[in-house]
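Heads up: the structure comes next, in structure tokens.
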Amino acid sequence: MKQVFAEVGSSFQQVGGTCPDGWVVMQSERPTPEHVAQADGSWTLDPSLKLTKNNTAYSAATMALTADYPQLEKDTWPTQNEEASAWVADPAGASTPWIDRAAAERGIEREEYIRRTLIKARQFKVISAFLTGRRQRYEDQIKAGNDPVLDYALTRELLAELQAITETIMSTPAAGLQEALA
């Protein structure tokens, strides 16, 4: 069997012959063109490709959060959140003109619309923090030379937290929501 030589950090390999200066003897031939040589003679996926795959997986997971919403509706989220937060702070006196109109057009009560808005806003914060933290953890692992399994599925614990948010917001009287959500 012919020896395989490669330049550390590169995907270039030479099968047979003599070891070029600065190259190392490899344990095997390169598995794919995306692999680069390590100083110990092993191959690993190119870290930049791992980072790209991680970012792509993260983007897919985060895009799924908002895929069912048209852009114009997404553009209203800050307004909805601002008005819903004002209502939490002062249920009797908050001005919520955007929500009032949307609730009327939807055919539901203002308070129900506000509570649904609060649920979605809180859940979005929790899920986006979870996904972003995962992406950053995987990036740290990749940069440290590891090859993490990229898993952006929501965990049972996270799903339970999302359910608790729904239950709290839907069951807490308006006057107690500010404290319950603190």
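We name chains A, B, ... following the order of the structure tokens; residues begin at 1 in each chain, and ligands are numbered from 1 as shown.
When the distance limit is 10 Å and only C-alpha atoms are what count, the residues near A:Gln3, minus those fewer than 5 positions from it on the same chain, are A:Gln14, A:Val15, A:Gly16, A:Gly17, A:Thr18, A:Cys19, A:Val25, A:Met26, A:Gln27, A:Ser28, A:Glu29.
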Long-range neighbours of stretch 167-181 of chain A as a PDB file with N, CA and C atoms, in the first residue's frame, 8 Å cut-off, only C-alpha atoms, 4 positions minimum in chain:
```pdb
ATOM      1  N   VAL A  88     -50.014  45.474  29.355  1.00  0.00           N
ATOM      2  CA  VAL A  88     -49.596  44.742  30.554  1.00  0.00           C
ATOM      3  C   VAL A  88     -49.290  45.724  31.678  1.00  0.00           C
ATOM      4  N   ALA A  89     -48.623  46.827  31.342  1.00  0.00           N
ATOM      5  CA  ALA A  89     -48.265  47.830  32.351  1.00  0.00           C
ATOM      6  C   ALA A  89     -49.491  48.566  32.888  1.00  0.00           C
ATOM      7  N   PRO A  91     -53.508  47.869  32.093  1.00  0.00           N
ATOM      8  CA  PRO A  91     -54.615  47.266  31.338  1.00  0.00           C
ATOM      9  C   PRO A  91     -55.796  48.196  31.083  1.00  0.00           C
ATOM     10  N   ARG A 115     -53.301  38.991  24.500  1.00  0.00           N
ATOM     11  CA  ARG A 115     -52.724  37.803  25.137  1.00  0.00           C
ATOM     12  C   ARG A 115     -52.049  36.895  24.107  1.00  0.00           C
ATOM     13  N   LEU A 118     -48.796  38.522  23.249  1.00  0.00           N
ATOM     14  CA  LEU A 118     -47.820  38.330  24.325  1.00  0.00           C
ATOM     15  C   LEU A 118     -47.223  36.927  24.293  1.00  0.00           C
ATOM     16  N   ILE A 119     -48.067  35.934  24.064  1.00  0.00           N
ATOM     17  CA  ILE A 119     -47.593  34.546  24.001  1.00  0.00           C
ATOM     18  C   ILE A 119     -46.577  34.399  22.873  1.00  0.00           C
ATOM     19  N   GLN A 163     -45.095  25.921  26.649  1.00  0.00           N
ATOM     20  CA  GLN A 163     -46.451  25.633  27.124  1.00  0.00           C
ATOM     21  C   GLN A 163     -46.747  26.412  28.405  1.00  0.00           C
TER      22      GLN A 163
END
```
Per-residue DSSP, chain A, filtered to strand (DSSP E), as an NGL selection string: :A and (4-7 or 13-15 or 23-26 or 35-37 or 43-45)
Selection export as a compact mmCIF listing (two decimals), in the first residue's frame, atoms kept: N, CA and C atoms:
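Okay, result05.txt is ready:
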```txt
# COMPACT_ATOMS: atom_id res chain seq x y z
N VAL A 4 0.42 7.95 1.93
CA VAL A 4 -0.28 9.17 1.54
C VAL A 4 0.34 10.32 2.33
N PHE A 5 0.60 11.41 1.62
CA PHE A 5 1.19 12.60 2.25
C PHE A 5 0.25 13.78 2.02
N ALA A 6 0.22 14.69 2.98
CA ALA A 6 -0.63 15.87 2.82
C ALA A 6 -0.03 17.04 3.57
N GLU A 7 -0.44 18.22 3.13
CA GLU A 7 -0.03 19.46 3.79
C GLU A 7 -1.06 19.78 4.87
N GLN A 13 -3.31 16.20 -1.34
CA GLN A 13 -2.67 14.97 -0.92
C GLN A 13 -1.81 14.43 -2.06
N GLN A 14 -0.85 13.62 -1.69
CA GLN A 14 0.00 12.94 -2.67
C GLN A 14 0.02 11.48 -2.26
N VAL A 15 -0.29 10.62 -3.21
CA VAL A 15 -0.28 9.18 -2.95
C VAL A 15 0.99 8.61 -3.56
N TRP A 23 5.14 18.51 4.71
CA TRP A 23 3.94 17.69 4.66
C TRP A 23 4.06 16.59 5.72
N VAL A 24 2.95 15.89 6.00
CA VAL A 24 2.94 14.81 6.97
C VAL A 24 2.44 13.52 6.32
N VAL A 25 2.82 12.40 6.94
CA VAL A 25 2.32 11.10 6.50
C VAL A 25 0.91 10.94 7.05
N MET A 26 -0.02 10.60 6.17
CA MET A 26 -1.42 10.48 6.56
C MET A 26 -1.77 9.03 6.89
N HIS A 35 -12.31 17.53 3.10
CA HIS A 35 -11.48 17.21 4.25
C HIS A 35 -10.11 17.86 4.13
N VAL A 36 -9.56 18.24 5.28
CA VAL A 36 -8.21 18.82 5.33
C VAL A 36 -7.36 17.98 6.27
N ALA A 37 -6.04 18.02 6.01
CA ALA A 37 -5.09 17.22 6.79
C ALA A 37 -4.85 17.84 8.16
N TRP A 43 -7.71 13.10 8.89
CA TRP A 43 -8.44 14.06 8.06
C TRP A 43 -9.63 14.57 8.86
N THR A 44 -9.98 15.81 8.67
CA THR A 44 -11.18 16.38 9.28
C THR A 44 -11.85 17.28 8.25
N LEU A 45 -13.15 17.45 8.40
CA LEU A 45 -13.83 18.38 7.50
C LEU A 45 -13.23 19.77 7.68
```
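Residue nearest A:Asn81 within the list A:Lys120, A:Asp21, A:Leu154, A:Ser59: A:Lys120 [criterion: smallest interatomic distance, only C-alpha atoms].
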Atomic separation - atom CA of A:Lys50 relative to atom CA of A:Ala64, Å: 21.2 Å
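Closest to A:Glu112 among A:Val8, A:Ala84, A:Leu65, A:Ala39 is A:Ala84, based on only C-alpha atoms.
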Residues within 10 Å of A:Leu51, only C-alpha atoms, excluding chain neighbours under 3 positions, as a PyMOL selection string: chain A and resi 46-48+54-57+135+138-143
Output file for the selection above: N, CA and C atoms, as an mmCIF file, in the first residue's frame:
```
data_model
loop_
_atom_site.group_PDB
_atom_site.id
_atom_site.type_symbol
_atom_site.label_atom_id
_atom_site.label_comp_id
_atom_site.auth_asym_id
_atom_site.auth_seq_id
_atom_site.Cartn_x
_atom_site.Cartn_y
_atom_site.Cartn_z
ATOM 1 N N ASP A 46 -13.119 20.472 6.597
ATOM 2 C CA ASP A 46 -12.609 21.843 6.623
ATOM 3 C C ASP A 46 -13.461 22.652 7.602
ATOM 4 N N PRO A 47 -12.826 23.274 8.616
ATOM 5 C CA PRO A 47 -13.605 24.032 9.610
ATOM 6 C C PRO A 47 -14.494 25.105 8.994
ATOM 7 N N SER A 48 -14.054 25.734 7.922
ATOM 8 C CA SER A 48 -14.899 26.773 7.318
ATOM 9 C C SER A 48 -16.164 26.160 6.738
ATOM 10 N N ASN A 54 -23.128 24.870 9.860
ATOM 11 C CA ASN A 54 -23.779 25.279 11.103
ATOM 12 C C ASN A 54 -24.659 26.502 10.864
ATOM 13 N N ASN A 55 -24.136 27.492 10.172
ATOM 14 C CA ASN A 55 -24.915 28.705 9.905
ATOM 15 C C ASN A 55 -26.117 28.405 9.022
ATOM 16 N N THR A 56 -25.956 27.494 8.069
ATOM 17 C CA THR A 56 -27.063 27.115 7.200
ATOM 18 C C THR A 56 -28.155 26.403 7.995
ATOM 19 N N ALA A 57 -27.747 25.494 8.885
ATOM 20 C CA ALA A 57 -28.726 24.784 9.716
ATOM 21 C C ALA A 57 -29.445 25.758 10.648
ATOM 22 N N ARG A 135 -26.307 27.686 18.080
ATOM 23 C CA ARG A 135 -25.414 28.006 16.969
ATOM 24 C C ARG A 135 -24.048 28.436 17.485
ATOM 25 N N TYR A 138 -22.095 25.440 18.927
ATOM 26 C CA TYR A 138 -21.516 24.622 17.857
ATOM 27 C C TYR A 138 -20.332 25.330 17.205
ATOM 28 N N GLU A 139 -20.445 26.633 17.018
ATOM 29 C CA GLU A 139 -19.331 27.398 16.442
ATOM 30 C C GLU A 139 -18.092 27.297 17.332
ATOM 31 N N ASP A 140 -18.283 27.462 18.632
ATOM 32 C CA ASP A 140 -17.156 27.326 19.570
ATOM 33 C C ASP A 140 -16.535 25.940 19.467
ATOM 34 N N GLN A 141 -17.364 24.909 19.387
ATOM 35 C CA GLN A 141 -16.863 23.540 19.299
ATOM 36 C C GLN A 141 -16.091 23.322 17.996
ATOM 37 N N ILE A 142 -16.615 23.850 16.905
ATOM 38 C CA ILE A 142 -15.942 23.710 15.605
ATOM 39 C C ILE A 142 -14.599 24.412 15.631
ATOM 40 N N LYS A 143 -14.579 25.615 16.159
ATOM 41 C CA LYS A 143 -13.320 26.371 16.221
ATOM 42 C C LYS A 143 -12.304 25.709 17.139
#
```
Which of A:Trp98, A:Trp87, A:Tyr69, A:Tyr152 sits closest to A:Ala129 [using only C-alpha atoms]: A:Tyr152
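Proximity to A:Thr117 was assessed for A:Ala164, A:Ala102, A:Ala92, A:Met1 counting only C-alpha atoms; the smallest distance is recorded for A:Ala102.
Candidate residues A:Ile108, A:Ala60, A:Ile114, A:Leu150 were compared for distance to A:Thr96, and the nearest is A:Ile114, using only C-alpha atoms.
Checking A:Trp77, A:Arg134, A:Gly41, A:Arg122 one by one against A:Ala182, counting only C-alpha atoms, you find the shortest gap at A:Arg122.
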Contacts of A:Tyr113 within 10 Å, only C-alpha atoms, excl. fewer than 6 positions in-chain, as number ranges by chain: A: 80, 84, 99-100, 102-104, 106-107, 119
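Here atom CA of A:Tyr58 is placed at a distance of 9.2 Å from atom CA of A:Asp151.
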Stretch 24-158 of chain A: residues DSSP assigns to helix (DSSP H, G or I), reported as JSON, numbers by chain: {"A": [47, 48, 49, 50, 51, 52, 53, 54, 55, 56, 57, 58, 59, 60, 61, 62, 63, 64, 65, 66, 71, 72, 73, 74, 75, 77, 78, 79, 80, 81, 82, 83, 84, 85, 86, 87, 88, 89, 97, 98, 99, 100, 101, 102, 103, 104, 105, 106, 110, 111, 112, 113, 114, 115, 116, 117, 118, 119, 120, 121, 122, 123, 124, 125, 126, 127, 128, 129, 130, 131, 132, 133, 134, 135, 136, 137, 138, 139, 140, 141, 142, 143, 156, 157, 158]}
